[in-house]
>>> print(open('data.cif').read())   # mmCIF, N, CA and C atoms
data_entry
#
loop_
_atom_site.group_PDB
_atom_site.id
_atom_site.type_symbol
_atom_site.label_atom_id
_atom_site.label_comp_id
_atom_site.auth_asym_id
_atom_site.auth_seq_id
_atom_site.Cartn_x
_atom_site.Cartn_y
_atom_site.Cartn_z
ATOM 1 N N MET A 295 -188.237 11.373 136.443
ATOM 2 C CA MET A 295 -188.742 12.707 136.175
ATOM 3 C C MET A 295 -189.814 12.628 135.092
ATOM 4 N N ASN A 296 -190.858 13.412 135.237
ATOM 5 C CA ASN A 296 -191.954 13.429 134.277
ATOM 6 C C ASN A 296 -191.636 14.347 133.112
ATOM 7 N N THR A 297 -192.206 14.028 131.964
ATOM 8 C CA THR A 297 -192.092 14.889 130.793
ATOM 9 C C THR A 297 -193.339 15.761 130.725
ATOM 10 N N THR A 298 -193.128 17.053 130.556
ATOM 11 C CA THR A 298 -194.245 17.991 130.429
ATOM 12 C C THR A 298 -194.544 18.224 128.953
ATOM 13 N N LYS A 299 -195.639 18.915 128.683
ATOM 14 C CA LYS A 299 -195.964 19.252 127.301
ATOM 15 C C LYS A 299 -194.843 20.085 126.696
ATOM 16 N N HIS A 300 -194.287 21.004 127.472
ATOM 17 C CA HIS A 300 -193.180 21.833 126.983
ATOM 18 C C HIS A 300 -191.960 20.973 126.640
ATOM 19 N N GLY A 301 -191.653 20.012 127.501
ATOM 20 C CA GLY A 301 -190.525 19.121 127.244
ATOM 21 C C GLY A 301 -190.732 18.278 126.008
ATOM 22 N N LEU A 302 -191.952 17.813 125.811
ATOM 23 C CA LEU A 302 -192.291 17.040 124.624
ATOM 24 C C LEU A 302 -192.115 17.890 123.368
ATOM 25 N N ILE A 303 -192.595 19.111 123.422
ATOM 26 C CA ILE A 303 -192.468 20.031 122.281
ATOM 27 C C ILE A 303 -190.998 20.277 121.962
ATOM 28 N N ALA A 304 -190.183 20.515 122.981
ATOM 29 C CA ALA A 304 -188.755 20.762 122.783
ATOM 30 C C ALA A 304 -188.072 19.541 122.166
ATOM 31 N N SER A 305 -188.408 18.343 122.626
ATOM 32 C CA SER A 305 -187.803 17.114 122.100
ATOM 33 C C SER A 305 -188.153 16.903 120.633
ATOM 34 N N VAL A 306 -189.419 17.098 120.299
ATOM 35 C CA VAL A 306 -189.846 16.916 118.908
ATOM 36 C C VAL A 306 -189.199 17.979 118.020
ATOM 37 N N ALA A 307 -189.094 19.195 118.516
ATOM 38 C CA ALA A 307 -188.458 20.262 117.734
ATOM 39 C C ALA A 307 -187.003 19.918 117.446
ATOM 40 N N ARG A 308 -186.281 19.419 118.447
ATOM 41 C CA ARG A 308 -184.878 19.015 118.235
ATOM 42 C C ARG A 308 -184.775 17.876 117.224
ATOM 43 N N ALA A 309 -185.674 16.913 117.326
ATOM 44 C CA ALA A 309 -185.614 15.737 116.460
ATOM 45 C C ALA A 309 -185.995 16.044 115.015
ATOM 46 N N THR A 310 -186.873 17.025 114.813
ATOM 47 C CA THR A 310 -187.372 17.297 113.462
ATOM 48 C C THR A 310 -186.723 18.501 112.793
ATOM 49 N N GLY A 311 -186.130 19.387 113.590
ATOM 50 C CA GLY A 311 -185.571 20.611 113.026
ATOM 51 C C GLY A 311 -186.620 21.701 112.828
ATOM 52 N N LEU A 312 -187.866 21.421 113.197
ATOM 53 C CA LEU A 312 -188.910 22.437 113.125
ATOM 54 C C LEU A 312 -188.825 23.322 114.366
ATOM 55 N N THR A 313 -189.476 24.473 114.311
ATOM 56 C CA THR A 313 -189.432 25.379 115.463
ATOM 57 C C THR A 313 -190.378 24.883 116.551
ATOM 58 N N GLN A 314 -190.100 25.310 117.777
ATOM 59 C CA GLN A 314 -190.978 24.940 118.882
ATOM 60 C C GLN A 314 -192.375 25.512 118.678
ATOM 61 N N ALA A 315 -192.465 26.685 118.061
ATOM 62 C CA ALA A 315 -193.779 27.294 117.806
ATOM 63 C C ALA A 315 -194.601 26.414 116.861
ATOM 64 N N GLU A 316 -193.962 25.868 115.822
ATOM 65 C CA GLU A 316 -194.658 24.990 114.882
ATOM 66 C C GLU A 316 -195.103 23.695 115.576
ATOM 67 N N ILE A 317 -194.210 23.131 116.362
ATOM 68 C CA ILE A 317 -194.524 21.889 117.065
ATOM 69 C C ILE A 317 -195.617 22.131 118.107
ATOM 70 N N ARG A 318 -195.568 23.274 118.801
ATOM 71 C CA ARG A 318 -196.581 23.599 119.808
ATOM 72 C C ARG A 318 -197.972 23.596 119.170
ATOM 73 N N ILE A 319 -198.100 24.212 118.006
ATOM 74 C CA ILE A 319 -199.392 24.254 117.309
ATOM 75 C C ILE A 319 -199.859 22.833 116.993
ATOM 76 N N ALA A 320 -198.954 22.005 116.474
ATOM 77 C CA ALA A 320 -199.307 20.631 116.105
ATOM 78 C C ALA A 320 -199.712 19.816 117.334
ATOM 79 N N VAL A 321 -198.936 19.912 118.415
ATOM 80 C CA VAL A 321 -199.232 19.150 119.633
ATOM 81 C C VAL A 321 -200.551 19.600 120.240
ATOM 82 N N GLU A 322 -200.774 20.897 120.336
ATOM 83 C CA GLU A 322 -202.020 21.385 120.923
ATOM 84 C C GLU A 322 -203.224 20.996 120.081
ATOM 85 N N GLU A 323 -203.075 21.012 118.761
ATOM 86 C CA GLU A 323 -204.181 20.605 117.891
ATOM 87 C C GLU A 323 -204.438 19.109 118.017
ATOM 88 N N LEU A 324 -203.380 18.316 118.095
ATOM 89 C CA LEU A 324 -203.527 16.877 118.269
ATOM 90 C C LEU A 324 -204.255 16.562 119.574
ATOM 91 N N LEU A 325 -203.864 17.218 120.649
ATOM 92 C CA LEU A 325 -204.517 16.995 121.937
ATOM 93 C C LEU A 325 -205.976 17.434 121.895
ATOM 94 N N GLU A 326 -206.274 18.505 121.192
ATOM 95 C CA GLU A 326 -207.656 18.974 121.060
ATOM 96 C C GLU A 326 -208.500 17.953 120.298
ATOM 97 N N VAL A 327 -207.948 17.407 119.211
ATOM 98 C CA VAL A 327 -208.669 16.386 118.441
ATOM 99 C C VAL A 327 -208.896 15.142 119.298
ATOM 100 N N PHE A 328 -207.878 14.724 120.063
ATOM 101 C CA PHE A 328 -208.036 13.580 120.968
ATOM 102 C C PHE A 328 -209.191 13.835 121.937
ATOM 103 N N ALA A 329 -209.212 15.003 122.562
ATOM 104 C CA ALA A 329 -210.246 15.335 123.541
ATOM 105 C C ALA A 329 -211.628 15.337 122.887
ATOM 106 N N GLU A 330 -211.748 15.890 121.687
ATOM 107 C CA GLU A 330 -213.031 15.936 120.990
ATOM 108 C C GLU A 330 -213.521 14.527 120.654
ATOM 109 N N GLU A 331 -212.619 13.693 120.153
ATOM 110 C CA GLU A 331 -212.999 12.330 119.784
ATOM 111 C C GLU A 331 -213.427 11.526 121.009
ATOM 112 N N LEU A 332 -212.686 11.646 122.095
ATOM 113 C CA LEU A 332 -213.049 10.933 123.315
ATOM 114 C C LEU A 332 -214.368 11.441 123.883
ATOM 115 N N ALA A 333 -214.604 12.747 123.787
ATOM 116 C CA ALA A 333 -215.863 13.321 124.267
ATOM 117 C C ALA A 333 -217.054 12.785 123.473
ATOM 118 N N LYS A 334 -216.824 12.412 122.229
ATOM 119 C CA LYS A 334 -217.880 11.828 121.393
ATOM 120 C C LYS A 334 -218.017 10.324 121.634
ATOM 121 N N GLY A 335 -217.168 9.781 122.507
ATOM 122 C CA GLY A 335 -217.219 8.355 122.799
ATOM 123 C C GLY A 335 -216.456 7.503 121.812
ATOM 124 N N ARG A 336 -215.644 8.112 120.991
ATOM 125 C CA ARG A 336 -214.885 7.373 119.987
ATOM 126 C C ARG A 336 -213.566 6.870 120.553
ATOM 127 N N THR A 337 -213.022 5.861 119.915
ATOM 128 C CA THR A 337 -211.746 5.267 120.298
ATOM 129 C C THR A 337 -210.651 5.793 119.384
ATOM 130 N N ILE A 338 -209.473 6.022 119.958
ATOM 131 C CA ILE A 338 -208.319 6.468 119.177
ATOM 132 C C ILE A 338 -207.264 5.380 119.274
ATOM 133 N N GLU A 339 -206.973 4.746 118.140
ATOM 134 C CA GLU A 339 -206.012 3.652 118.112
ATOM 135 C C GLU A 339 -204.748 4.099 117.380
ATOM 136 N N LEU A 340 -203.612 4.013 118.065
ATOM 137 C CA LEU A 340 -202.324 4.339 117.476
ATOM 138 C C LEU A 340 -201.516 3.037 117.428
ATOM 139 N N ARG A 341 -201.446 2.426 116.264
ATOM 140 C CA ARG A 341 -200.778 1.128 116.119
ATOM 141 C C ARG A 341 -199.349 1.200 116.636
ATOM 142 N N GLY A 342 -198.971 0.210 117.416
ATOM 143 C CA GLY A 342 -197.637 0.153 117.985
ATOM 144 C C GLY A 342 -197.473 0.989 119.242
ATOM 145 N N PHE A 343 -198.504 1.743 119.611
ATOM 146 C CA PHE A 343 -198.435 2.577 120.815
ATOM 147 C C PHE A 343 -199.525 2.191 121.801
ATOM 148 N N GLY A 344 -200.782 2.307 121.378
ATOM 149 C CA GLY A 344 -201.872 1.945 122.270
ATOM 150 C C GLY A 344 -203.189 2.534 121.819
ATOM 151 N N THR A 345 -204.199 2.354 122.661
ATOM 152 C CA THR A 345 -205.547 2.796 122.347
ATOM 153 C C THR A 345 -206.098 3.642 123.485
ATOM 154 N N PHE A 346 -206.622 4.801 123.136
ATOM 155 C CA PHE A 346 -207.316 5.676 124.079
ATOM 156 C C PHE A 346 -208.810 5.434 123.883
ATOM 157 N N TYR A 347 -209.546 5.288 124.967
ATOM 158 C CA TYR A 347 -210.980 5.058 124.868
ATOM 159 C C TYR A 347 -211.655 5.549 126.144
ATOM 160 N N VAL A 348 -212.988 5.593 126.115
ATOM 161 C CA VAL A 348 -213.744 5.991 127.300
ATOM 162 C C VAL A 348 -214.634 4.832 127.718
ATOM 163 N N ARG A 349 -214.903 4.781 129.012
ATOM 164 C CA ARG A 349 -215.780 3.744 129.550
ATOM 165 C C ARG A 349 -216.689 4.398 130.586
ATOM 166 N N GLU A 350 -217.930 3.954 130.597
ATOM 167 C CA GLU A 350 -218.879 4.481 131.577
ATOM 168 C C GLU A 350 -218.742 3.682 132.869
ATOM 169 N N ARG A 351 -218.590 4.385 133.958
ATOM 170 C CA ARG A 351 -218.554 3.759 135.286
ATOM 171 C C ARG A 351 -219.928 3.948 135.908
ATOM 172 N N LYS A 352 -220.484 2.888 136.454
ATOM 173 C CA LYS A 352 -221.823 2.988 137.018
ATOM 174 C C LYS A 352 -221.800 3.683 138.377
ATOM 175 N N ALA A 353 -222.947 4.176 138.757
ATOM 176 C CA ALA A 353 -223.083 4.840 140.057
ATOM 177 C C ALA A 353 -222.846 3.804 141.157
ATOM 178 N N ARG A 354 -222.253 4.248 142.252
ATOM 179 C CA ARG A 354 -221.982 3.332 143.357
ATOM 180 C C ARG A 354 -221.771 4.122 144.634
ATOM 181 N N PRO A 355 -221.946 3.466 145.761
ATOM 182 C CA PRO A 355 -221.634 4.144 147.024
ATOM 183 C C PRO A 355 -220.131 4.099 147.284
ATOM 184 N N ALA A 356 -219.586 5.167 147.807
ATOM 185 C CA ALA A 356 -218.174 5.233 148.184
ATOM 186 C C ALA A 356 -218.108 5.656 149.638
ATOM 187 N N ARG A 357 -216.933 5.621 150.201
ATOM 188 C CA ARG A 357 -216.792 5.977 151.610
ATOM 189 C C ARG A 357 -215.731 7.065 151.737
ATOM 190 N N ASN A 358 -216.069 8.113 152.495
ATOM 191 C CA ASN A 358 -215.112 9.171 152.800
ATOM 192 C C ASN A 358 -214.103 8.573 153.785
ATOM 193 N N PRO A 359 -212.818 8.479 153.390
ATOM 194 C CA PRO A 359 -211.851 7.824 154.273
ATOM 195 C C PRO A 359 -211.610 8.577 155.585
ATOM 196 N N LYS A 360 -211.856 9.858 155.571
ATOM 197 C CA LYS A 360 -211.623 10.659 156.783
ATOM 198 C C LYS A 360 -212.728 10.464 157.822
ATOM 199 N N THR A 361 -213.982 10.485 157.340
ATOM 200 C CA THR A 361 -215.111 10.426 158.274
ATOM 201 C C THR A 361 -215.801 9.068 158.301
ATOM 202 N N GLY A 362 -215.556 8.241 157.273
ATOM 203 C CA GLY A 362 -216.238 6.964 157.179
ATOM 204 C C GLY A 362 -217.651 7.081 156.635
ATOM 205 N N GLU A 363 -218.078 8.299 156.322
ATOM 206 C CA GLU A 363 -219.417 8.540 155.808
ATOM 207 C C GLU A 363 -219.559 7.966 154.397
ATOM 208 N N VAL A 364 -220.697 7.346 154.128
ATOM 209 C CA VAL A 364 -220.991 6.822 152.798
ATOM 210 C C VAL A 364 -221.430 7.978 151.912
ATOM 211 N N VAL A 365 -220.804 8.080 150.751
ATOM 212 C CA VAL A 365 -221.081 9.161 149.807
ATOM 213 C C VAL A 365 -221.438 8.523 148.466
ATOM 214 N N PRO A 366 -222.569 8.913 147.867
ATOM 215 C CA PRO A 366 -222.918 8.325 146.568
ATOM 216 C C PRO A 366 -222.071 8.937 145.443
ATOM 217 N N LEU A 367 -221.570 8.081 144.561
ATOM 218 C CA LEU A 367 -220.877 8.549 143.362
ATOM 219 C C LEU A 367 -221.817 8.364 142.185
ATOM 220 N N ASP A 368 -222.025 9.426 141.408
ATOM 221 C CA ASP A 368 -222.871 9.351 140.225
ATOM 222 C C ASP A 368 -222.165 8.547 139.142
ATOM 223 N N LYS A 369 -222.940 8.075 138.160
ATOM 224 C CA LYS A 369 -222.297 7.401 137.039
ATOM 225 C C LYS A 369 -221.503 8.459 136.270
ATOM 226 N N ARG A 370 -220.426 8.012 135.652
ATOM 227 C CA ARG A 370 -219.545 8.953 134.977
ATOM 228 C C ARG A 370 -218.819 8.243 133.848
ATOM 229 N N VAL A 371 -218.254 9.020 132.956
ATOM 230 C CA VAL A 371 -217.465 8.496 131.847
ATOM 231 C C VAL A 371 -216.015 8.865 132.122
ATOM 232 N N VAL A 372 -215.124 7.870 132.022
ATOM 233 C CA VAL A 372 -213.716 8.112 132.316
ATOM 234 C C VAL A 372 -212.852 7.733 131.107
ATOM 235 N N PRO A 373 -211.788 8.496 130.844
ATOM 236 C CA PRO A 373 -210.869 8.137 129.761
ATOM 237 C C PRO A 373 -209.892 7.073 130.245
ATOM 238 N N LEU A 374 -209.564 6.143 129.359
ATOM 239 C CA LEU A 374 -208.628 5.075 129.684
ATOM 240 C C LEU A 374 -207.625 4.897 128.548
ATOM 241 N N PHE A 375 -206.519 4.240 128.855
ATOM 242 C CA PHE A 375 -205.486 3.967 127.858
ATOM 243 C C PHE A 375 -205.052 2.521 128.004
ATOM 244 N N LYS A 376 -204.994 1.812 126.883
ATOM 245 C CA LYS A 376 -204.489 0.440 126.881
ATOM 246 C C LYS A 376 -203.265 0.427 125.981
ATOM 247 N N TYR A 377 -202.128 0.074 126.543
ATOM 248 C CA TYR A 377 -200.888 0.081 125.777
ATOM 249 C C TYR A 377 -200.818 -1.137 124.860
ATOM 250 N N SER A 378 -200.042 -1.001 123.780
ATOM 251 C CA SER A 378 -199.880 -2.100 122.835
ATOM 252 C C SER A 378 -198.782 -3.045 123.319
ATOM 253 N N ALA A 379 -198.729 -4.209 122.728
ATOM 254 C CA ALA A 379 -197.681 -5.178 123.062
ATOM 255 C C ALA A 379 -196.311 -4.609 122.707
ATOM 256 N N GLU A 380 -196.229 -3.866 121.607
ATOM 257 C CA GLU A 380 -194.954 -3.276 121.196
ATOM 258 C C GLU A 380 -194.459 -2.256 122.213
ATOM 259 N N LEU A 381 -195.373 -1.435 122.730
ATOM 260 C CA LEU A 381 -194.992 -0.430 123.729
ATOM 261 C C LEU A 381 -194.566 -1.109 125.027
ATOM 262 N N ARG A 382 -195.316 -2.123 125.443
ATOM 263 C CA ARG A 382 -194.954 -2.852 126.663
ATOM 264 C C ARG A 382 -193.558 -3.454 126.530
ATOM 265 N N LYS A 383 -193.274 -4.042 125.375
ATOM 266 C CA LYS A 383 -191.964 -4.648 125.135
ATOM 267 C C LYS A 383 -190.861 -3.598 125.169
ATOM 268 N N ARG A 384 -191.124 -2.453 124.568
ATOM 269 C CA ARG A 384 -190.134 -1.364 124.531
ATOM 270 C C ARG A 384 -189.852 -0.819 125.934
ATOM 271 N N ILE A 385 -190.898 -0.664 126.716
ATOM 272 C CA ILE A 385 -190.755 -0.142 128.082
ATOM 273 C C ILE A 385 -189.992 -1.124 128.958
ATOM 274 N N SER A 386 -190.253 -2.420 128.777
ATOM 275 C CA SER A 386 -189.607 -3.425 129.621
ATOM 276 C C SER A 386 -188.211 -3.794 129.124
ATOM 277 N N GLY A 387 -187.681 -3.036 128.166
ATOM 278 C CA GLY A 387 -186.328 -3.287 127.683
ATOM 279 C C GLY A 387 -186.231 -4.472 126.750
ATOM 280 N N GLY A 388 -187.327 -4.759 126.050
ATOM 281 C CA GLY A 388 -187.305 -5.844 125.076
ATOM 282 C C GLY A 388 -187.617 -7.200 125.669
ATOM 283 N N LYS A 389 -187.954 -7.240 126.940
ATOM 284 C CA LYS A 389 -188.258 -8.514 127.601
ATOM 285 C C LYS A 389 -189.756 -8.749 127.604
ATOM 286 N N ALA A 390 -190.147 -9.962 127.309
ATOM 287 C CA ALA A 390 -191.571 -10.325 127.398
ATOM 288 C C ALA A 390 -191.945 -10.492 128.853
ATOM 289 N N ARG A 391 -193.237 -10.368 129.143
ATOM 290 C CA ARG A 391 -193.701 -10.534 130.538
ATOM 291 C C ARG A 391 -193.457 -11.892 131.056
#
>>> encode(input="data.cif", output="structure tokens")
Amino acid sequence: MNTTKHGLIASVARATGLTQAEIRIAVEELLEVFAEELAKGRTIELRGFGTFYVRERKARPARNPKTGEVVPLDKRVVPLFKYSAELRKRISGGKAR
């Protein structure tokens, strides 16, 4: 099951004893700052968790799978996430790859 923003807010509120309204403000502001920084092309590094960054993808031809028609894709900037070794270890239950 996926965790939603609401679920995240509820979990943090339970863990901290703060109200959901207080946590909602903090989470929404954090997400806004992340979006602004990424829009400026900056990297966000959270030690022990991972790094959020953007990368430019060059223009290329693509194919419509339904019709087989070649469709040009413009160059674009996409957000990416690279997890840390600590996060990978935690997710895999403490086992190295």
>>> resolve_selection(input="data.cif", expression="the PyMOL selection byres (((chain A and resi 344-347 and name CA) around 12) and name CA)", output="VMD selection string")
chain A and resid 325 328 to 343 348 to 350 371 to 382
>>> closest_residue(input="data.cif", among="A:Ala356, A:Val327, A:Ala320, A:Ile385", to="Val306 (chain A)", atoms="only C-alpha atoms")
A:Ala320
>>> residues_around(input="data.cif", residues="Asp368 (chain A)", least_positions_apart="6", cutoff="7 Å", atoms="only N, CA and C atoms", output="number ranges by chain")
A: 351-354
>>> atom_distance(input="data.cif", atom1="CA of Ser305 (chain A)", atom2="CA of Glu323 (chain A)")
17.3 Å
>>> resolve_selection(input="data.cif", expression="the PyMOL selection byres (((chain A and resi 365 and name CA) around 9) and name CA)", output="list in words")
Arg354, Pro355, Ala356, Arg357, Asn358, Glu363, Val364, Pro366 and Leu367 of chain A
>>> select_by_dssp(input="data.cif", residues="chain A", states="strand (DSSP E or B)", output="list in words")
Ile338, Glu339, Leu340, Gly344, Thr345, Phe346, Tyr347, Val348, Arg349, Glu350, Arg351, Arg354, Pro355, Ala356, Arg357, Val364, Val365, Pro366, Leu367, Arg370, Val371, Val372, Pro373, Leu374, Phe375, Lys376 and Tyr377 of chain A
>>> axis_aligned_box(input="data.cif", around="region 368-386 of chain A", padding_each_side="5 Å", output="lines of an AutoDock Vina configuration file")
center_x = -205.6
center_y = 2.1
center_z = 131.3
size_x = 44.7
size_y = 24.6
size_z = 30.2
>>> atom_distance(input="data.cif", atom1="atom N of Leu324 (chain A)", atom2="CA of Thr297 (chain A)")
17.3 Å
>>> select_by_dssp(input="data.cif", residues="chain A", states="helix (DSSP H, G or I)", output="PyMOL selection string")
chain A and resi 299-310+314-333+379-385
>>> atom_distance(input="data.cif", atom1="CA of Glu316 (chain A)", atom2="atom N of Thr298 (chain A)")
17.6 Å
>>> residues_near_point(input="data.cif", point="(-192.0, 21.9, 119.3)", cutoff="9 Å", atoms="only C-alpha atoms", output="PyMOL selection string")
chain A and resi 300-308+310+312-321
>>> write_last_selection(input="data.cif", atoms="N, CA and C atoms", output="compact mmCIF listing (two decimals), keeping the file's coordinate frame")
# COMPACT_ATOMS: atom_id res chain seq x y z
N HIS A 300 -194.29 21.00 127.47
CA HIS A 300 -193.18 21.83 126.98
C HIS A 300 -191.96 20.97 126.64
N GLY A 301 -191.65 20.01 127.50
CA GLY A 301 -190.52 19.12 127.24
C GLY A 301 -190.73 18.28 126.01
N LEU A 302 -191.95 17.81 125.81
CA LEU A 302 -192.29 17.04 124.62
C LEU A 302 -192.12 17.89 123.37
N ILE A 303 -192.60 19.11 123.42
CA ILE A 303 -192.47 20.03 122.28
C ILE A 303 -191.00 20.28 121.96
N ALA A 304 -190.18 20.52 122.98
CA ALA A 304 -188.76 20.76 122.78
C ALA A 304 -188.07 19.54 122.17
N SER A 305 -188.41 18.34 122.63
CA SER A 305 -187.80 17.11 122.10
C SER A 305 -188.15 16.90 120.63
N VAL A 306 -189.42 17.10 120.30
CA VAL A 306 -189.85 16.92 118.91
C VAL A 306 -189.20 17.98 118.02
N ALA A 307 -189.09 19.20 118.52
CA ALA A 307 -188.46 20.26 117.73
C ALA A 307 -187.00 19.92 117.45
N ARG A 308 -186.28 19.42 118.45
CA ARG A 308 -184.88 19.02 118.24
C ARG A 308 -184.78 17.88 117.22
N THR A 310 -186.87 17.02 114.81
CA THR A 310 -187.37 17.30 113.46
C THR A 310 -186.72 18.50 112.79
N LEU A 312 -187.87 21.42 113.20
CA LEU A 312 -188.91 22.44 113.12
C LEU A 312 -188.82 23.32 114.37
N THR A 313 -189.48 24.47 114.31
CA THR A 313 -189.43 25.38 115.46
C THR A 313 -190.38 24.88 116.55
N GLN A 314 -190.10 25.31 117.78
CA GLN A 314 -190.98 24.94 118.88
C GLN A 314 -192.38 25.51 118.68
N ALA A 315 -192.46 26.68 118.06
CA ALA A 315 -193.78 27.29 117.81
C ALA A 315 -194.60 26.41 116.86
N GLU A 316 -193.96 25.87 115.82
CA GLU A 316 -194.66 24.99 114.88
C GLU A 316 -195.10 23.70 115.58
N ILE A 317 -194.21 23.13 116.36
CA ILE A 317 -194.52 21.89 117.06
C ILE A 317 -195.62 22.13 118.11
N ARG A 318 -195.57 23.27 118.80
CA ARG A 318 -196.58 23.60 119.81
C ARG A 318 -197.97 23.60 119.17
N ILE A 319 -198.10 24.21 118.01
CA ILE A 319 -199.39 24.25 117.31
C ILE A 319 -199.86 22.83 116.99
N ALA A 320 -198.95 22.00 116.47
CA ALA A 320 -199.31 20.63 116.10
C ALA A 320 -199.71 19.82 117.33
N VAL A 321 -198.94 19.91 118.42
CA VAL A 321 -199.23 19.15 119.63
C VAL A 321 -200.55 19.60 120.24
>>> build_atoms(input="data.cif", residues="region 304-311 of chain A", atoms="all heavy atoms", output="PDB file, keeping the file's coordinate frame")
ATOM      1  N   ALA A 304    -190.183  20.515 122.981  1.00  0.00           N
ATOM      2  CA  ALA A 304    -188.755  20.762 122.783  1.00  0.00           C
ATOM      3  C   ALA A 304    -188.072  19.541 122.166  1.00  0.00           C
ATOM      4  O   ALA A 304    -187.244  19.673 121.247  1.00  0.00           O
ATOM      5  CB  ALA A 304    -188.091  21.146 124.100  1.00  0.00           C
ATOM      6  N   SER A 305    -188.408  18.343 122.626  1.00  0.00           N
ATOM      7  CA  SER A 305    -187.803  17.114 122.100  1.00  0.00           C
ATOM      8  C   SER A 305    -188.153  16.903 120.633  1.00  0.00           C
ATOM      9  O   SER A 305    -187.292  16.563 119.822  1.00  0.00           O
ATOM     10  CB  SER A 305    -188.272  15.901 122.901  1.00  0.00           C
ATOM     11  OG  SER A 305    -187.790  15.952 124.206  1.00  0.00           O
ATOM     12  N   VAL A 306    -189.419  17.098 120.299  1.00  0.00           N
ATOM     13  CA  VAL A 306    -189.846  16.916 118.908  1.00  0.00           C
ATOM     14  C   VAL A 306    -189.199  17.979 118.020  1.00  0.00           C
ATOM     15  O   VAL A 306    -188.775  17.684 116.900  1.00  0.00           O
ATOM     16  CB  VAL A 306    -191.387  16.939 118.792  1.00  0.00           C
ATOM     17  CG1 VAL A 306    -191.827  16.915 117.340  1.00  0.00           C
ATOM     18  CG2 VAL A 306    -191.986  15.767 119.551  1.00  0.00           C
ATOM     19  N   ALA A 307    -189.094  19.195 118.516  1.00  0.00           N
ATOM     20  CA  ALA A 307    -188.458  20.262 117.734  1.00  0.00           C
ATOM     21  C   ALA A 307    -187.003  19.918 117.446  1.00  0.00           C
ATOM     22  O   ALA A 307    -186.523  20.090 116.319  1.00  0.00           O
ATOM     23  CB  ALA A 307    -188.568  21.595 118.475  1.00  0.00           C
ATOM     24  N   ARG A 308    -186.281  19.419 118.447  1.00  0.00           N
ATOM     25  CA  ARG A 308    -184.878  19.015 118.235  1.00  0.00           C
ATOM     26  C   ARG A 308    -184.775  17.876 117.224  1.00  0.00           C
ATOM     27  O   ARG A 308    -183.910  17.878 116.356  1.00  0.00           O
ATOM     28  CB  ARG A 308    -184.237  18.577 119.553  1.00  0.00           C
ATOM     29  CG  ARG A 308    -183.728  19.709 120.407  1.00  0.00           C
ATOM     30  CD  ARG A 308    -182.845  19.216 121.549  1.00  0.00           C
ATOM     31  NE  ARG A 308    -183.505  18.233 122.417  1.00  0.00           N
ATOM     32  CZ  ARG A 308    -184.297  18.531 123.443  1.00  0.00           C
ATOM     33  NH1 ARG A 308    -184.534  19.796 123.739  1.00  0.00           N
ATOM     34  NH2 ARG A 308    -184.846  17.579 124.167  1.00  0.00           N
ATOM     35  N   ALA A 309    -185.674  16.913 117.326  1.00  0.00           N
ATOM     36  CA  ALA A 309    -185.614  15.737 116.460  1.00  0.00           C
ATOM     37  C   ALA A 309    -185.995  16.044 115.015  1.00  0.00           C
ATOM     38  O   ALA A 309    -185.484  15.401 114.095  1.00  0.00           O
ATOM     39  CB  ALA A 309    -186.520  14.642 117.010  1.00  0.00           C
ATOM     40  N   THR A 310    -186.873  17.025 114.813  1.00  0.00           N
ATOM     41  CA  THR A 310    -187.372  17.297 113.462  1.00  0.00           C
ATOM     42  C   THR A 310    -186.723  18.501 112.793  1.00  0.00           C
ATOM     43  O   THR A 310    -186.798  18.641 111.580  1.00  0.00           O
ATOM     44  CB  THR A 310    -188.886  17.553 113.482  1.00  0.00           C
ATOM     45  OG1 THR A 310    -189.160  18.711 114.265  1.00  0.00           O
ATOM     46  CG2 THR A 310    -189.636  16.350 114.011  1.00  0.00           C
ATOM     47  N   GLY A 311    -186.130  19.387 113.590  1.00  0.00           N
ATOM     48  CA  GLY A 311    -185.571  20.611 113.026  1.00  0.00           C
ATOM     49  C   GLY A 311    -186.620  21.701 112.828  1.00  0.00           C
ATOM     50  O   GLY A 311    -186.302  22.782 112.345  1.00  0.00           O
TER      51      GLY A 311
END
